[in-house]
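What follows is a set of notes on a single structure, which appears directly below.
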Amino acid sequence: MNYYFLPGTGIFGGIKVGFQFTGLLSELGVPFVVATPDGRAATWFSSAVPVISQADAFERITNDDVIVFSLPQDYAVLKATGARLVFHCQGTDPRIDPILSDESVVLLSCWEQAARYMREQAGRVSIEVGLSISRAFFYDGRPKWPDDVAYMSRRGAATAEAAMSRCAGLRFNAIERASEEATAAAMMRCGYFLATASSEWFGLPALEAMAAGCVVVSVAVLGGVEYLVDGTTGIIADPGDVPEALAALASPHGASRRARLRDAGHATAHRYARHRQLSRLRALLATELRPVLSWT
């Protein structure tokens with residue numbers, strides 16, 4: 001059996017990516033269960049993957065099983081099980097370095113920045129499994145409110161507040177602990193998305209906002225630069241410069257620039273459609289990923 005250990009079910013991009021990854025592999029015939037601390041599934045998005053508690057998983061796991069994990073702090077306790085370990089890299093925090101040094105751990109990467117970090121830091125080549133965003137985020141043609149700005153207030157609230165003060169002509173809509181469906185609906189209505197979480201490892205909401213047809217203004221991120229490209233698919237600025245960047249973009253003179261960024265971002269997001277990752281994983285399961293996983 002393959003077990004994917006997740007640290008919880010809260011509203012975090014890494015939780016959703018883990019469930020999505022196991023869901024795609026299950027669809028392709030790979031037996032998977034997700035192990036969460038309390039055995040409960042996430043309720044803020046849909047998933048058909050079976051879930052058990054980590055305590056139950058530890059009782060069942062044998063040396064013939066495979067454990068996939070993404071939180072580096074889980075490495076030591078999972079290593080002690082004797083199962084084959086697979087690290088699903090969702091961020092290049094230096095805390096992953098001991099994992100990269102363990103040649104027995106198979107490395108999976110979701111995007112190029114992570115794959116490059118593994119090569120440069122440890123001389124390891126990862127299996128690039130990619131990532132995808134849910135169908136719910138792709139713009140469906142509903143009317144937009146072009147002067148509305150969606151943002152997530154959990155991190156970077158000071159940046160959002162400064163933007164509100166500078167851009168009095170825009171309406172700001174906070175997305176707070178919302179379900180995936182509600183988040184997608186909010187993004188779908190808005191003309192802009194303000195990404196305020198500094199040092200984000202890969203900034204999944206910005207990519208989802210691109211799919212929803214938003215113009216993205218973001219603070220600098222670490223891992224999402226393969227799709228969030230300053231001046232091409234969005235605007236990247238230091239936190240202190242975000243309000244002025246948004247104001248310039250929202251001015252009458254910014255209309256053509258907004259259109260270019262929106263179109264490029266939307267086109268880029270389509271490269272991360274679910275069916276594309278499914279096709280990638282299908283091909284990998286016929287080659288390098290097949291011997292990594294358990295098929296019983």
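Naming works like this for the structure tokens: A, B, ... for the chains as they're shown, residue 1 at the start of each chain, ligands 1 onward in shown order.
Neighbouring residues of stretch 249-255 of chain A at 10 Å or closer, counting only C-alpha atoms and skipping chain neighbours under 6 positions away, are A:Pro146, A:Asp147, A:Cys167, A:Gly169, A:Leu170, A:Gly191, A:Tyr192, A:Val215, A:Val217, A:Ile235, A:Pro243.
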Expected file contents, prior selection, N, CA, C and O atoms, as a short mmCIF file (atom, residue, chain, number, x, y, z; two decimals), in the first residue's frame:
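And here is the file that came out, selection.cif:
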```cif
data_model
loop_
_atom_site.label_atom_id
_atom_site.label_comp_id
_atom_site.auth_asym_id
_atom_site.auth_seq_id
_atom_site.Cartn_x
_atom_site.Cartn_y
_atom_site.Cartn_z
N PRO A 146 -14.49 44.70 -12.54
CA PRO A 146 -13.10 45.00 -12.88
C PRO A 146 -12.35 45.81 -11.83
O PRO A 146 -11.11 45.78 -11.81
N ASP A 147 -13.06 46.52 -10.95
CA ASP A 147 -12.38 47.32 -9.94
C ASP A 147 -12.30 46.62 -8.58
O ASP A 147 -11.94 47.25 -7.58
N CYS A 167 -5.19 52.89 -2.94
CA CYS A 167 -6.07 52.66 -4.09
C CYS A 167 -7.53 52.79 -3.66
O CYS A 167 -8.29 51.81 -3.62
N GLY A 169 -10.02 53.95 -5.11
CA GLY A 169 -11.02 53.68 -6.14
C GLY A 169 -11.31 52.21 -6.37
O GLY A 169 -12.20 51.87 -7.15
N LEU A 170 -10.56 51.34 -5.70
CA LEU A 170 -10.76 49.90 -5.85
C LEU A 170 -11.49 49.34 -4.63
O LEU A 170 -11.36 49.86 -3.52
N GLY A 191 -11.40 41.61 -10.63
CA GLY A 191 -10.47 41.94 -11.71
C GLY A 191 -9.02 41.73 -11.34
O GLY A 191 -8.18 41.54 -12.22
N TYR A 192 -8.72 41.79 -10.04
CA TYR A 192 -7.34 41.68 -9.57
C TYR A 192 -7.25 40.64 -8.45
O TYR A 192 -8.22 40.37 -7.75
N VAL A 215 -5.90 39.79 -12.79
CA VAL A 215 -4.55 40.35 -12.94
C VAL A 215 -3.88 40.24 -11.58
O VAL A 215 -4.42 40.72 -10.58
N VAL A 217 -1.06 40.87 -8.74
CA VAL A 217 0.02 41.70 -8.19
C VAL A 217 0.49 40.98 -6.94
O VAL A 217 -0.30 40.69 -6.04
N ILE A 235 2.57 41.14 -11.81
CA ILE A 235 3.50 42.15 -11.32
C ILE A 235 4.03 41.68 -9.98
O ILE A 235 3.26 41.31 -9.08
N PRO A 243 1.48 48.73 -3.08
CA PRO A 243 0.38 49.68 -3.28
C PRO A 243 0.55 50.55 -4.52
O PRO A 243 -0.40 50.76 -5.27
#
```
For A:Val125, work out the shell of residues within 10 Å, counting only C-alpha atoms and skipping chain neighbours fewer than 2 positions away, then give it as number ranges by chain.
-> A: 100, 106-109, 115-120, 122-123, 127-128
Picked from stretch 49-289 of chain A by DSSP as strand (DSSP E), as a VMD selection string = chain A and resid 51 to 53 66 to 69 84 to 89 106 to 109 127 to 128 145 to 151 171 to 174 190 to 195 215 to 218 235 to 236
Return as a Markdown table the residues of stretch 77-156 of chain A lying at most 10 Å from stretch 6-19 of chain A, together with the closest atom-to-atom pair for each and the distance in Å to one decimal, counting only C-alpha atoms, with rows in chain order and ascending residue number.
```
| residue | atom | partner | partner_atom | distance |
| --- | --- | --- | --- | --- |
| A:His88 | CA | A:Gly18 | CA | 8.3 |
| A:Cys89 | CA | A:Gly14 | CA | 9.7 |
| A:Gln90 | CA | A:Gly14 | CA | 6.7 |
| A:Gly91 | CA | A:Gly14 | CA | 9.0 |
| A:Cys110 | CA | A:Val17 | CA | 9.4 |
| A:Leu131 | CA | A:Val17 | CA | 7.3 |
| A:Ser132 | CA | A:Val17 | CA | 8.0 |
| A:Ile133 | CA | A:Val17 | CA | 8.5 |
| A:Ser134 | CA | A:Lys16 | CA | 9.7 |
```
Please produce a file of those selected residues containing all heavy atoms, as a compact mmCIF listing (two decimals), in the first residue's frame.
```txt
# COMPACT_ATOMS: atom_id res chain seq x y z
N HIS A 88 7.72 14.23 -1.39
CA HIS A 88 6.99 15.04 -2.37
C HIS A 88 7.28 16.50 -2.06
O HIS A 88 6.63 17.11 -1.21
CB HIS A 88 5.50 14.72 -2.26
CG HIS A 88 4.65 15.34 -3.31
ND1 HIS A 88 3.33 15.68 -3.09
CD2 HIS A 88 4.90 15.69 -4.60
CE1 HIS A 88 2.81 16.19 -4.19
NE2 HIS A 88 3.73 16.22 -5.11
N CYS A 89 8.26 17.06 -2.72
CA CYS A 89 8.77 18.38 -2.35
C CYS A 89 7.80 19.48 -2.75
O CYS A 89 7.51 19.68 -3.93
CB CYS A 89 10.13 18.62 -3.01
SG CYS A 89 10.86 20.20 -2.56
N GLN A 90 7.33 20.22 -1.74
CA GLN A 90 6.43 21.34 -1.98
C GLN A 90 7.04 22.67 -1.52
O GLN A 90 6.35 23.69 -1.48
CB GLN A 90 5.10 21.11 -1.28
CG GLN A 90 4.34 19.92 -1.82
CD GLN A 90 2.93 19.87 -1.27
OE1 GLN A 90 2.28 20.88 -1.07
NE2 GLN A 90 2.44 18.66 -1.02
N GLY A 91 8.29 22.67 -1.18
CA GLY A 91 8.97 23.89 -0.74
C GLY A 91 10.42 23.61 -0.42
O GLY A 91 10.75 22.52 0.07
N CYS A 110 7.52 19.27 -7.71
CA CYS A 110 6.30 19.79 -8.32
C CYS A 110 6.58 20.85 -9.37
O CYS A 110 5.73 21.11 -10.21
CB CYS A 110 5.39 20.40 -7.25
SG CYS A 110 4.75 19.21 -6.06
N LEU A 131 2.28 19.78 -10.97
CA LEU A 131 1.14 20.09 -10.12
C LEU A 131 0.01 20.60 -11.00
O LEU A 131 0.21 20.92 -12.18
CB LEU A 131 1.48 21.09 -9.03
CG LEU A 131 2.01 22.48 -9.41
CD1 LEU A 131 0.88 23.45 -9.69
CD2 LEU A 131 2.86 23.04 -8.28
N SER A 132 -1.18 20.68 -10.43
CA SER A 132 -2.33 21.14 -11.20
C SER A 132 -3.25 21.93 -10.30
O SER A 132 -3.13 21.88 -9.06
CB SER A 132 -3.07 19.97 -11.85
OG SER A 132 -3.50 19.04 -10.88
N ILE A 133 -4.16 22.65 -10.91
CA ILE A 133 -5.16 23.39 -10.16
C ILE A 133 -6.55 22.87 -10.53
O ILE A 133 -6.74 22.32 -11.61
CB ILE A 133 -5.05 24.91 -10.40
CG1 ILE A 133 -5.03 25.23 -11.89
CG2 ILE A 133 -3.83 25.47 -9.72
CD1 ILE A 133 -4.92 26.71 -12.19
N SER A 134 -7.46 23.03 -9.62
CA SER A 134 -8.80 22.45 -9.80
C SER A 134 -9.56 23.12 -10.93
O SER A 134 -9.37 24.31 -11.22
CB SER A 134 -9.60 22.60 -8.50
OG SER A 134 -8.94 21.95 -7.44
```
Can you build me a table of stretch 59-177 of chain A residues sitting at most 10 Å from stretch 32-35 of chain A, with the closest atom pair per residue and its distance in Å to one decimal, using only C-alpha atoms, sorted by chain and residue number, as CSV?
```
residue,atom,partner,partner_atom,distance
A:Val66,CA,A:Phe32,CA,9.5
A:Ile67,CA,A:Ala35,CA,9.7
A:Val68,CA,A:Val34,CA,9.2
A:Phe69,CA,A:Ala35,CA,9.8
```
With distances taken over only C-alpha atoms, which of A:Asp148, A:Glu59, A:Glu208, A:Asp74 is nearest to A:Tyr227?
->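 So, comparing all the options, the nearest one is A:Glu208.
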